[in-house]
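Engineer: See start.cif below, with mmCIF, C-alpha atoms.
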data_work
loop_
_atom_site.label_atom_id
_atom_site.label_comp_id
_atom_site.auth_asym_id
_atom_site.auth_seq_id
_atom_site.Cartn_x
_atom_site.Cartn_y
_atom_site.Cartn_z
CA MET H 10 37.12 -10.43 -20.37
CA THR H 11 33.87 -8.90 -21.67
CA PRO H 12 30.55 -10.78 -21.47
CA PHE H 13 30.48 -11.01 -25.28
CA THR H 14 33.94 -12.62 -25.35
CA GLN H 15 32.92 -15.09 -22.63
CA ILE H 16 29.81 -16.15 -24.54
CA ALA H 17 31.84 -16.45 -27.77
CA LEU H 18 34.33 -18.75 -26.03
CA LEU H 19 31.50 -20.79 -24.52
CA LEU H 20 29.91 -21.25 -27.95
CA VAL H 21 33.24 -22.36 -29.43
CA LEU H 22 33.67 -24.84 -26.55
CA ALA H 23 30.11 -26.10 -27.05
CA SER H 24 30.72 -26.61 -30.77
CA GLY H 25 33.86 -28.67 -30.14
CA VAL H 26 32.33 -30.80 -27.39
CA GLY H 27 29.14 -31.21 -29.45
CA LEU H 28 31.13 -32.46 -32.45
CA LEU H 29 32.90 -34.99 -30.23
CA GLY H 30 29.50 -36.09 -28.89
CA VAL H 31 28.16 -36.60 -32.41
CA LEU H 32 31.16 -38.78 -33.25
CA LEU H 33 30.41 -40.84 -30.12
CA ARG H 34 26.70 -41.00 -31.09
CA GLN H 35 25.64 -39.10 -27.98
CA PRO H 36 22.70 -36.64 -27.73
CA LEU H 37 23.38 -32.93 -27.35
CA ILE H 38 22.29 -32.89 -23.71
CA VAL H 39 25.34 -34.96 -22.69
CA GLY H 40 27.58 -32.49 -24.50
CA PHE H 41 25.82 -29.52 -22.90
CA ILE H 42 26.31 -30.96 -19.39
CA ALA H 43 29.98 -31.57 -20.19
CA VAL H 44 30.36 -27.97 -21.42
CA GLY H 45 28.82 -26.70 -18.18
CA LEU H 46 31.26 -28.72 -16.09
CA LEU H 47 34.26 -27.69 -18.22
CA ALA H 48 33.30 -24.01 -18.15
CA GLY H 49 32.75 -24.03 -14.39
CA PRO H 50 35.15 -22.84 -11.69
CA SER H 51 36.65 -26.30 -11.20
CA ALA H 52 37.96 -26.53 -14.77
CA LEU H 53 38.41 -23.67 -17.30
CA ASP H 54 36.59 -21.05 -15.15
CA LEU H 55 35.11 -19.24 -18.16
CA VAL H 56 31.89 -18.10 -16.47
CA HIS H 57 32.07 -14.65 -14.88
CA SER H 58 29.03 -12.92 -16.40
CA GLU H 59 26.64 -14.83 -14.17
CA ALA H 60 23.74 -12.38 -14.54
CA GLN H 61 23.69 -12.52 -18.35
CA ILE H 62 24.06 -16.32 -18.48
CA GLU H 63 21.41 -16.79 -15.79
CA LEU H 64 19.00 -14.64 -17.81
CA LEU H 65 19.54 -16.77 -20.94
CA ALA H 66 19.18 -19.92 -18.82
CA GLU H 67 15.83 -18.78 -17.40
CA LEU H 68 14.56 -17.92 -20.88
CA GLY H 69 15.71 -21.37 -22.05
CA ILE H 70 13.72 -23.11 -19.31
CA ALA H 71 10.64 -21.04 -20.19
CA VAL H 72 10.94 -22.07 -23.87
CA LEU H 73 11.57 -25.72 -22.91
CA LEU H 74 8.44 -25.87 -20.75
CA PHE H 75 6.51 -23.98 -23.44
CA LEU H 76 7.38 -26.73 -25.95
CA VAL H 77 6.40 -29.41 -23.44
CA GLY H 78 3.03 -27.72 -22.97
CA ILE H 79 2.39 -27.33 -26.70
CA LYS H 80 3.12 -31.05 -27.20
CA LEU H 81 0.88 -32.34 -24.40
CA ASP H 82 -1.39 -34.58 -26.43
CA VAL H 83 -3.86 -36.06 -23.97
CA THR H 84 -5.70 -37.80 -26.84
CA LEU H 85 -2.67 -40.10 -27.29
CA ILE H 86 -3.05 -41.32 -23.70
CA ARG H 87 -6.77 -41.87 -24.32
CA SER H 88 -6.12 -43.79 -27.54
CA LEU H 89 -3.61 -46.13 -25.89
CA GLY H 90 -5.90 -46.65 -22.89
CA ALA H 91 -4.70 -48.30 -19.73
CA VAL H 92 -1.16 -49.18 -20.83
CA ALA H 93 0.09 -45.56 -20.99
CA VAL H 94 -1.44 -44.51 -17.67
CA VAL H 95 -0.74 -47.73 -15.75
CA THR H 96 2.81 -48.10 -17.06
CA GLY H 97 3.61 -44.40 -16.65
CA LEU H 98 2.27 -44.12 -13.11
CA GLY H 99 3.60 -47.58 -12.15
CA GLN H 100 7.11 -46.71 -13.27
CA VAL H 101 6.98 -43.33 -11.46
CA ALA H 102 5.74 -44.93 -8.22
CA PHE H 103 8.26 -47.81 -8.38
CA THR H 104 11.23 -45.54 -9.09
CA ALA H 105 10.26 -42.97 -6.46
CA PHE H 106 9.69 -45.57 -3.73
CA PHE H 107 12.81 -47.63 -4.24
CA GLY H 108 14.90 -44.58 -5.15
CA TYR H 109 13.97 -43.07 -1.78
CA LEU H 110 15.03 -46.25 0.03
CA ILE H 111 18.31 -46.38 -1.91
CA GLY H 112 18.95 -42.72 -1.04
CA LEU H 113 18.50 -43.48 2.64
CA GLY H 114 20.77 -46.51 2.28
CA LEU H 115 23.46 -44.27 0.76
CA GLY H 116 23.34 -42.04 3.84
CA LEU H 117 21.29 -39.17 2.39
CA ASP H 118 18.80 -37.41 4.66
CA HIS H 119 15.05 -37.84 4.16
CA VAL H 120 14.49 -34.61 2.19
CA THR H 121 17.48 -35.14 -0.10
CA SER H 122 16.48 -38.79 -0.66
CA LEU H 123 12.98 -37.65 -1.62
CA TYR H 124 14.28 -35.06 -4.10
CA VAL H 125 16.70 -37.54 -5.66
CA ALA H 126 14.00 -40.23 -5.85
CA VAL H 127 11.53 -37.92 -7.63
CA ALA H 128 14.28 -36.70 -9.98
CA LEU H 129 15.00 -40.31 -11.00
CA THR H 130 11.39 -40.82 -12.16
CA PHE H 131 11.63 -38.45 -15.14
CA SER H 132 12.82 -39.68 -18.54
CA SER H 133 13.98 -37.41 -21.35
CA THR H 134 11.22 -37.01 -23.94
CA ILE H 135 13.61 -35.04 -26.16
CA ILE H 136 16.21 -37.82 -26.33
CA ILE H 137 13.73 -40.68 -26.70
CA VAL H 138 11.71 -39.06 -29.47
CA LYS H 139 14.92 -38.17 -31.34
CA LEU H 140 16.36 -41.71 -31.07
CA LEU H 141 13.10 -43.45 -32.00
CA SER H 142 12.60 -41.06 -34.93
CA ASP H 143 16.12 -41.73 -36.18
CA LYS H 144 15.38 -45.49 -36.04
CA ARG H 145 11.96 -44.93 -37.67
CA GLU H 146 10.27 -46.63 -34.72
CA ILE H 147 8.23 -43.70 -33.43
CA ASP H 148 5.08 -45.13 -35.10
CA SER H 149 5.68 -48.71 -33.93
CA LEU H 150 3.66 -50.21 -31.10
CA HIS H 151 6.45 -49.88 -28.53
CA GLY H 152 7.21 -46.35 -29.79
CA GLN H 153 3.60 -45.22 -29.37
CA ILE H 154 3.36 -46.81 -25.91
CA ALA H 155 6.61 -45.11 -24.90
CA LEU H 156 5.23 -41.76 -26.08
CA GLY H 157 2.08 -42.39 -24.03
CA PHE H 158 3.83 -42.99 -20.73
CA LEU H 159 6.30 -40.17 -21.42
CA ILE H 160 3.30 -37.83 -21.58
CA VAL H 161 2.15 -39.25 -18.24
CA GLN H 162 5.63 -38.48 -16.88
CA ASP H 163 5.40 -34.93 -18.27
CA LEU H 164 2.14 -34.45 -16.36
CA VAL H 165 3.90 -35.70 -13.20
CA VAL H 166 6.68 -33.16 -13.87
CA VAL H 167 4.08 -30.40 -14.04
CA LEU H 168 2.48 -31.52 -10.78
CA ALA H 169 5.87 -31.79 -9.04
CA MET H 170 6.86 -28.28 -10.11
CA ILE H 171 3.52 -26.83 -9.01
CA VAL H 172 3.97 -28.51 -5.60
CA LEU H 173 7.51 -27.10 -5.34
CA SER H 174 6.23 -23.63 -6.26
CA ALA H 175 3.59 -23.93 -3.55
CA ILE H 176 6.24 -24.96 -1.03
CA GLY H 177 8.33 -22.00 -2.13
CA ILE H 178 5.45 -19.65 -1.34
CA GLY H 179 4.92 -21.46 1.94
CA ALA H 180 8.54 -20.88 2.89
CA GLY H 181 7.76 -17.17 2.92
CA GLY H 182 5.27 -17.61 5.77
CA GLY H 183 1.78 -16.24 6.06
CA GLY H 184 -1.52 -17.86 6.94
CA GLY H 185 -3.05 -17.60 3.49
CA THR H 186 -0.33 -19.58 1.74
CA VAL H 187 -2.47 -22.45 0.45
CA LEU H 188 -5.24 -20.08 -0.61
CA THR H 189 -2.68 -17.90 -2.38
CA VAL H 190 -1.32 -20.86 -4.35
CA LEU H 191 -4.80 -22.08 -5.28
CA ALA H 192 -5.96 -18.60 -6.28
CA SER H 193 -2.82 -18.02 -8.36
CA GLY H 194 -3.19 -21.37 -10.12
CA VAL H 195 -6.89 -20.88 -10.81
CA GLY H 196 -6.27 -17.34 -12.02
CA LEU H 197 -3.53 -18.38 -14.44
CA LEU H 198 -5.64 -21.29 -15.65
CA LEU H 199 -8.57 -18.91 -16.24
CA VAL H 200 -6.32 -16.64 -18.32
CA VAL H 201 -5.28 -19.66 -20.43
CA ILE H 202 -8.90 -20.78 -20.91
CA LEU H 203 -9.98 -17.30 -22.02
CA PHE H 204 -7.00 -17.04 -24.35
CA VAL H 205 -7.74 -20.45 -25.91
CA ARG H 206 -11.46 -19.65 -26.21
CA TYR H 207 -11.26 -16.21 -27.79
CA LEU H 208 -7.74 -15.39 -28.99
CA ALA H 209 -5.58 -18.44 -29.79
CA ASP H 210 -7.01 -19.52 -33.17
CA PRO H 211 -7.64 -16.10 -34.77
CA LEU H 212 -4.35 -14.69 -33.46
CA THR H 213 -2.18 -17.60 -34.68
CA ALA H 214 -4.04 -17.68 -38.02
CA ARG H 215 -3.22 -14.00 -38.53
CA LEU H 216 0.40 -14.36 -37.36
CA ALA H 217 0.96 -17.47 -39.52
CA ARG H 218 0.87 -15.24 -42.62
CA THR H 219 4.27 -13.99 -41.43
CA PRO H 220 6.10 -17.06 -40.02
CA GLU H 221 8.87 -14.99 -38.42
CA LEU H 222 6.28 -12.98 -36.48
CA LEU H 223 4.57 -16.20 -35.36
CA VAL H 224 7.86 -17.37 -33.83
CA ILE H 225 8.55 -14.04 -32.12
CA CYS H 226 5.04 -13.86 -30.67
CA SER H 227 5.29 -17.46 -29.43
CA ILE H 228 8.53 -16.62 -27.61
CA ALA H 229 6.87 -13.47 -26.25
CA LEU H 230 3.92 -15.51 -24.98
CA ALA H 231 6.26 -18.01 -23.29
CA ALA H 232 8.26 -15.21 -21.63
CA MET H 233 5.12 -13.27 -20.61
CA PHE H 234 3.45 -16.30 -19.01
CA ALA H 235 6.73 -17.26 -17.33
CA ALA H 236 7.01 -13.76 -15.87
CA LEU H 237 3.35 -13.87 -14.82
CA GLY H 238 3.82 -17.29 -13.20
CA ASP H 239 6.88 -15.99 -11.37
CA ALA H 240 5.02 -12.88 -10.22
CA VAL H 241 2.12 -14.84 -8.68
CA GLY H 242 4.49 -17.32 -7.05
CA LEU H 243 3.96 -20.37 -9.28
CA GLY H 244 7.40 -20.06 -10.88
CA LYS H 245 8.65 -19.42 -14.39
CA GLU H 246 8.52 -23.13 -15.19
CA VAL H 247 4.78 -23.45 -14.61
CA GLY H 248 4.13 -20.17 -16.42
CA GLY H 249 6.06 -21.31 -19.50
CA LEU H 250 4.19 -24.61 -19.50
CA MET H 251 0.80 -22.85 -19.34
CA ALA H 252 1.83 -20.71 -22.33
CA GLY H 253 2.45 -23.88 -24.34
CA ILE H 254 -0.90 -25.33 -23.30
CA ALA H 255 -2.54 -22.08 -24.46
CA LEU H 256 -1.37 -22.80 -28.03
CA ALA H 257 -1.64 -26.61 -27.93
CA SER H 258 -5.12 -26.59 -29.48
CA THR H 259 -4.22 -24.40 -32.47
CA PRO H 260 -3.59 -25.89 -35.93
CA PHE H 261 -0.15 -24.23 -35.99
CA ARG H 262 1.30 -25.96 -32.93
CA GLU H 263 3.55 -28.27 -34.96
CA THR H 264 4.87 -25.32 -36.98
CA ILE H 265 5.63 -23.34 -33.82
CA SER H 266 7.25 -26.34 -32.16
CA ALA H 267 9.47 -27.15 -35.15
CA ARG H 268 10.70 -23.55 -35.43
CA LEU H 269 11.45 -23.17 -31.71
CA VAL H 270 13.43 -26.40 -31.23
CA PRO H 271 16.79 -24.88 -32.40
CA LEU H 272 16.23 -21.88 -30.09
CA ARG H 273 15.44 -24.25 -27.21
CA ASP H 274 18.67 -26.17 -27.78
CA PHE H 275 20.68 -22.93 -27.97
CA LEU H 276 19.22 -21.50 -24.75
CA LEU H 277 19.42 -24.80 -22.86
CA LEU H 278 23.17 -24.67 -23.37
CA PHE H 279 23.25 -21.68 -21.00
CA PHE H 280 21.15 -23.52 -18.42
CA PHE H 281 23.77 -26.28 -18.28
CA ILE H 282 26.58 -23.69 -18.25
CA ALA H 283 24.92 -21.95 -15.29
CA LEU H 284 24.49 -25.35 -13.67
CA GLY H 285 28.14 -26.26 -14.20
CA ALA H 286 29.24 -22.95 -12.70
CA THR H 287 27.63 -23.96 -9.39
CA LEU H 288 29.24 -27.42 -9.22
CA ASP H 289 32.61 -28.13 -7.65
CA LEU H 290 34.14 -31.09 -9.47
CA SER H 291 36.40 -31.81 -6.51
CA LEU H 292 33.30 -32.59 -4.44
CA LEU H 293 31.83 -34.96 -7.01
CA GLY H 294 34.39 -37.64 -6.23
CA GLY H 295 32.59 -38.38 -2.99
CA HIS H 296 29.44 -39.22 -4.96
CA LEU H 297 30.98 -41.87 -7.22
CA LEU H 298 29.54 -44.81 -5.29
CA GLY H 299 26.11 -43.19 -4.94
CA ALA H 300 26.04 -42.21 -8.62
CA ALA H 301 27.04 -45.74 -9.66
CA VAL H 302 24.31 -47.37 -7.52
CA LEU H 303 21.58 -44.95 -8.65
CA SER H 304 22.66 -45.21 -12.29
CA LEU H 305 22.42 -49.00 -12.21
CA PHE H 306 19.01 -48.68 -10.57
CA VAL H 307 17.76 -46.42 -13.38
CA LEU H 308 19.39 -48.44 -16.19
CA ILE H 309 18.05 -51.80 -14.95
CA GLY H 310 15.16 -51.08 -12.58
CA ASN H 311 13.14 -48.72 -14.79
CA PRO H 312 13.08 -51.02 -17.85
CA LEU H 313 12.30 -53.97 -15.57
CA ILE H 314 9.18 -52.41 -14.05
CA VAL H 315 7.90 -51.41 -17.52
CA LEU H 316 8.51 -54.98 -18.72
CA ILE H 317 6.63 -56.42 -15.72
CA ILE H 318 3.64 -54.06 -16.07
CA MET H 319 3.31 -54.50 -19.83
CA GLY H 320 3.62 -58.28 -19.49
CA ALA H 321 0.84 -58.27 -16.88
CA LEU H 322 -1.32 -56.20 -19.25
CA GLY H 323 -0.90 -58.84 -21.96
CA TYR H 324 1.81 -57.46 -24.24
CA ARG H 325 4.57 -59.56 -25.76
CA LYS H 326 7.97 -59.60 -24.11
CA ARG H 327 9.53 -57.94 -27.16
CA THR H 328 7.17 -54.97 -26.97
CA GLY H 329 7.69 -54.62 -23.22
CA PHE H 330 11.48 -54.88 -23.52
CA LEU H 331 11.79 -52.29 -26.31
CA ALA H 332 9.41 -49.87 -24.58
CA GLY H 333 11.20 -50.38 -21.26
CA LEU H 334 14.58 -49.39 -22.66
CA THR H 335 13.24 -45.90 -23.39
CA VAL H 336 13.02 -45.06 -19.66
CA ALA H 337 16.57 -46.15 -18.81
CA GLN H 338 17.77 -42.59 -18.23
CA ILE H 339 16.86 -39.45 -16.32
CA SER H 340 15.80 -36.18 -17.88
CA GLU H 341 16.92 -32.58 -18.12
CA PHE H 342 13.85 -31.95 -15.94
CA SER H 343 15.53 -33.97 -13.20
CA LEU H 344 18.28 -31.36 -13.02
CA ILE H 345 15.77 -28.50 -13.18
CA PHE H 346 13.72 -30.08 -10.39
CA VAL H 347 16.69 -30.51 -8.04
CA ALA H 348 17.96 -27.00 -8.95
CA MET H 349 14.58 -25.64 -7.79
CA GLY H 350 15.10 -27.52 -4.51
CA VAL H 351 18.56 -25.94 -4.13
CA ASN H 352 17.09 -22.47 -4.74
CA LEU H 353 14.44 -23.12 -2.10
CA GLY H 354 17.11 -24.22 0.37
CA HIS H 355 15.68 -27.73 0.75
CA VAL H 356 18.79 -29.53 -0.51
CA GLY H 357 22.43 -28.62 -0.93
CA PRO H 358 24.52 -28.35 -4.12
CA ASP H 359 25.83 -31.87 -3.40
CA ALA H 360 22.43 -33.31 -4.32
CA LEU H 361 22.51 -31.45 -7.62
CA GLY H 362 26.01 -32.79 -8.29
CA LEU H 363 24.88 -36.35 -7.55
CA VAL H 364 21.87 -36.12 -9.89
CA THR H 365 24.04 -34.50 -12.57
CA MET H 366 26.47 -37.45 -12.46
CA VAL H 367 23.56 -39.91 -12.68
CA GLY H 368 22.24 -37.93 -15.64
CA ILE H 369 25.54 -38.09 -17.52
CA VAL H 370 25.91 -41.84 -16.96
CA THR H 371 22.32 -42.87 -17.70
CA ILE H 372 21.79 -40.61 -20.73
CA ALA H 373 25.09 -41.75 -22.28
CA ALA H 374 24.47 -45.46 -21.59
CA SER H 375 20.77 -45.50 -22.54
CA THR H 376 21.54 -43.86 -25.89
CA TYR H 377 23.50 -46.96 -26.89
CA MET H 378 20.87 -49.24 -25.32
CA ILE H 379 18.10 -47.71 -27.46
CA THR H 380 20.29 -47.52 -30.57
CA PHE H 381 21.15 -51.23 -30.34
CA SER H 382 17.85 -52.30 -28.73
CA HIS H 383 17.19 -55.17 -31.15
CA HIS H 384 20.65 -56.65 -30.57
CA LEU H 385 20.08 -56.39 -26.80
CA TYR H 386 16.70 -58.10 -27.17
CA ALA H 387 18.29 -60.96 -29.11
CA LEU H 388 20.77 -61.46 -26.26
CA CYS H 389 18.17 -61.23 -23.46
CA GLU H 390 15.24 -62.98 -25.21
CA PRO H 391 15.84 -66.45 -23.64
CA LEU H 392 15.49 -64.89 -20.15
CA LEU H 393 12.35 -62.85 -20.82
CA GLY H 394 9.72 -65.59 -21.10
CA VAL H 395 8.68 -65.10 -17.47
CA PHE H 396 7.44 -61.58 -18.35
CA GLU H 397 4.97 -62.74 -21.04
CA ARG H 398 1.44 -63.93 -20.32
CA ARG H 399 0.16 -67.01 -22.11
CA GLY H 400 -1.64 -65.96 -25.29
CA THR H 401 -0.57 -62.27 -25.02
CA PRO H 402 -4.17 -60.98 -25.29
CA ARG H 403 -3.15 -57.40 -26.14
CA GLU H 404 -1.17 -58.61 -29.16
CA ALA H 405 -3.25 -61.54 -30.31
CA THR H 406 -2.28 -63.02 -33.68
CA ARG H 407 -3.44 -65.72 -36.06
CA GLY H 408 0.10 -66.33 -37.27
CA ASP H 409 0.40 -69.70 -35.55
CA ASP H 410 -3.10 -70.91 -36.46
CA ARG H 411 -2.76 -73.26 -39.44
CA ARG H 412 -6.53 -73.32 -39.85
CA ALA H 413 -6.65 -69.60 -40.60
CA PRO H 414 -8.41 -68.98 -43.92
CA ALA H 415 -6.34 -68.17 -46.96
CA VAL H 416 -6.35 -64.62 -48.31
CA ASP H 417 -6.13 -63.32 -51.85
CA VAL H 418 -3.81 -60.38 -51.19
CA VAL H 419 -1.28 -59.47 -48.49
CA ILE H 420 -0.45 -55.76 -48.19
CA LEU H 421 2.73 -54.82 -46.35
CA GLY H 422 2.35 -51.27 -45.01
CA LEU H 423 -1.00 -49.63 -44.31
CA GLY H 424 -0.22 -45.97 -44.88
CA ARG H 425 -2.51 -43.82 -46.98
CA PHE H 426 -1.70 -45.69 -50.19
CA GLY H 427 -1.79 -49.17 -48.63
CA THR H 428 -5.10 -48.50 -46.87
CA ALA H 429 -6.72 -47.07 -50.03
CA LEU H 430 -5.47 -50.03 -52.05
CA GLY H 431 -6.81 -52.54 -49.50
CA MET H 432 -10.25 -50.90 -49.38
CA ARG H 433 -10.49 -50.89 -53.18
CA LEU H 434 -9.54 -54.57 -53.36
CA GLN H 435 -12.13 -55.42 -50.70
CA ARG H 436 -14.82 -53.62 -52.69
CA ARG H 437 -13.92 -55.90 -55.59
CA GLY H 438 -14.65 -58.95 -53.43
CA LEU H 439 -11.07 -59.95 -52.62
CA SER H 440 -9.99 -60.93 -49.09
CA VAL H 441 -7.09 -58.78 -47.89
CA LEU H 442 -4.59 -59.19 -45.03
CA GLY H 443 -2.84 -55.99 -43.97
CA VAL H 444 0.46 -55.96 -42.11
CA ASP H 445 1.78 -52.83 -40.35
CA PHE H 446 3.75 -52.02 -37.18
CA ASN H 447 1.72 -48.87 -36.39
CA PRO H 448 -1.06 -49.80 -33.88
#
So that I can check it, write out the structure of this file as structure tokens.

Structural biologist:
Amino acid sequence: MTPFTQIALLLVLASGVGLLGVLLRQPLIVGFIAVGLLAGPSALDLVHSEAQIELLAELGIAVLLFLVGIKLDVTLIRSLGAVAVVTGLGQVAFTAFFGYLIGLGLGLDHVTSLYVAVALTFSSTIIIVKLLSDKREIDSLHGQIALGFLIVQDLVVVLAMIVLSAIGIGAGGGGGTVLTVLASGVGLLLVVILFVRYLADPLTARLARTPELLVICSIALAAMFAALGDAVGLGKEVGGLMAGIALASTPFRETISARLVPLRDFLLLFFFIALGATLDLSLLGGHLLGAAVLSLFVLIGNPLIVLIIMGALGYRKRTGFLAGLTVAQISEFSLIFVAMGVNLGHVGPDALGLVTMVGIVTIAASTYMITFSHHLYALCEPLLGVFERRGTPREATRGDDRRAPAVDVVILGLGRFGTALGMRLQRRGLSVLGVDFNP
């Protein structure tokens, strides 16, 4: 069977599994993982052109990290203040600590437990943004808070991958290992700073006149930085991320991002196919208990810690509950992170199989949890009072104050039109009350 025929069959399989996933209201990532497992040696055994598929998979990871870098909006964290940073870091620390203990309790060694614990801390930005956008809740208070601590998680991903890259260099020996890593990182960062300072804006402005060329050059930049990162020992992942950061300040970042999303989804399919080709389904049966325990931990423990932290910060139980549901799954980065550990020889393929099973369960289950979040809140609301501070200072309201002064006009929705209307009414001497769910 020729490589072209193999890829054609894989695309047909992906289309069928993807259609089934859509009917079951599942995100594409679940379908992609299923395609990888079905195409692997334990099932249909369709993957024999490993070199070609691995090349597409590596390009897919570079584009994925490029899009993460171009979306890193630090100003959102600053605008949300403490809640994004405290909740994001609190959830990461809680999940890593208890995940490590659970790993040891399941009989995993210390290194494997650490890898699994860190992998469990990442939540899928792609899935959450898609689900919240479909529900039109991305601009709500809990949606904005969720975006804030997802960005914090993305920064943790970056740090974790840089650390792994450094360890990978260290595994090669040599006394100047730490200095080599630092010099490589500083050098790549300097290249990004110079590019942003002198080239990014004029270059993208010129390329934007031909949108197709803007897309091609963006992919070229992602691939070039990924190759450069790999050459200096930081890894393709870090290089692709730095390429995205290099264009994050340009006015065309949203255009680039929107045009590259379909390519990202297409190439990520081959990452999951390459992943599935390395997994032996007959060995996964031994991980059923571990996967079940870790999945329950992610599905219940992650939302719980977010609910506790947000309640302590003064948010209402409803806001904390809805924001907490968004972290009830692990990410595609979890699989990438553990795959890097396998490549470095730190953990065995069994660890990757375990995390893959947790990913399938948590992504599938959390999709329904987020989709039906308001129904879940109605069921759980009587039990959530313990997580809400008296007075909820971060969401103070006059709704229960009967002495509140009367207003002349109530405006529902403070978009551009509602805001302009309210300001004009105020200039005419009328008192206006605005109501909106966007903080």

Engineer: For the file shown, report as a list in words the outcome of the PyMOL selection byres ((chain H and resi 416) around 12) at residue level.

Structural biologist: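 That selection, the PyMOL selection byres ((chain H and resi 416) around 12), comes back as Ala413, Pro414, Ala415, Asp417, Val418, Val419, Ile420, Leu434, Gln435, Gly438, Leu439, Ser440, Val441, Leu442 and Gly443 of chain H.
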
Engineer: If we count only C-alpha atoms, what is near Thr96 (chain H) at a cut-off of 12 Å, once residues fewer than 4 positions away on the same chain are taken out, given as a PyMOL selection string?

Structural biologist: chain H and resi 86+89-92+100-104+154-162+311-322+324+329+332-333+336

Engineer: What separation in Å, quoted to one decimal, exists between CA of Asp148 (chain H) and CA of Gly431 (chain H)?

Structural biologist: 20.1 Å

Engineer: Which residues are near Thr380 (chain H)? Cut-off 12 Å, all atoms listed in the file, ignore same chain within fewer than 3 positions. Put them as a PyMOL selection string.

Structural biologist: chain H and resi 34-36+136-137+139-146+331+334-335+373-377+383-386

Engineer: Output the residue selection produced by the PyMOL selection byres ((chain H and resi 166) around 10) on the file above, formatted as a PyMOL selection string.

Structural biologist: chain H and resi 127-128+130-131+160-165+167-172+247+342-343+346

Engineer: Restricting the calculation to only C-alpha atoms, which member of H:Leu76, H:Leu392, H:Thr365, H:Ser122 is positioned closest to Ala267 (chain H)?

Structural biologist: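 Ranked by minimum distance to Ala267 (chain H), first place goes to H:Leu76.
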
Engineer: As a list in words, please: the residues near Thr213 (chain H) (cut-off 9 Å, all atoms listed in the file, same-chain neighbours under 4 positions excluded).

Structural biologist: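 Near neighbours after the sequence-gap exclusion: Leu208, Ala209, Ala217, Arg218, Leu223, Leu256, Thr259, Pro260 and Phe261 of chain H.
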
Engineer: Report, in Å with one decimal, the straight-line distance from CA of Leu29 (chain H) to CA of Ala60 (chain H).

Structural biologist: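 Separation of CA of Leu29 (chain H) and CA of Ala60 (chain H): 29.0 Å.
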
Engineer: Just the number, please: distance in Å from CA of Val21 (chain H) to CA of Ser340 (chain H), one decimal.

Structural biologist: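 CA of Val21 (chain H) sits 25.1 Å away from CA of Ser340 (chain H).
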
Engineer: Which residue is closest to Ala240 (chain H)? Choose from H:Val138, H:Leu276, H:Leu197, H:Ile254 and count only C-alpha atoms.

Structural biologist: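 Looking at the shortest contact to Ala240 (chain H), the residue is H:Leu197.
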
Engineer: Env of Asp54 (chain H): 9 Å cut, atoms = all atoms listed in the file, seq-sep filter 6 positions within chain, self excluded. Answer as a VMD selection string.

Structural biologist: chain H and resid 47 to 48 286

Engineer: Taking all listed atoms of region 10-21 of chain H, build the axis-aligned box, pad each of the six sides by 6 Å, then write its centre and edge lengths in Å to one decimal as AutoDock Vina command-line options.

Structural biologist:
--center_x 33.5 --center_y -15.6 --center_z -24.9 --size_x 19.3 --size_y 25.5 --size_z 21.1

Engineer: Could you tell me which of H:Phe75, H:Phe306, H:Phe107, H:Phe426 comes closest to Ala232 (chain H) if we count all atoms listed in the file?

Structural biologist: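 Once distances to Ala232 (chain H) are computed over all atoms listed in the file, the minimum belongs to H:Phe75.
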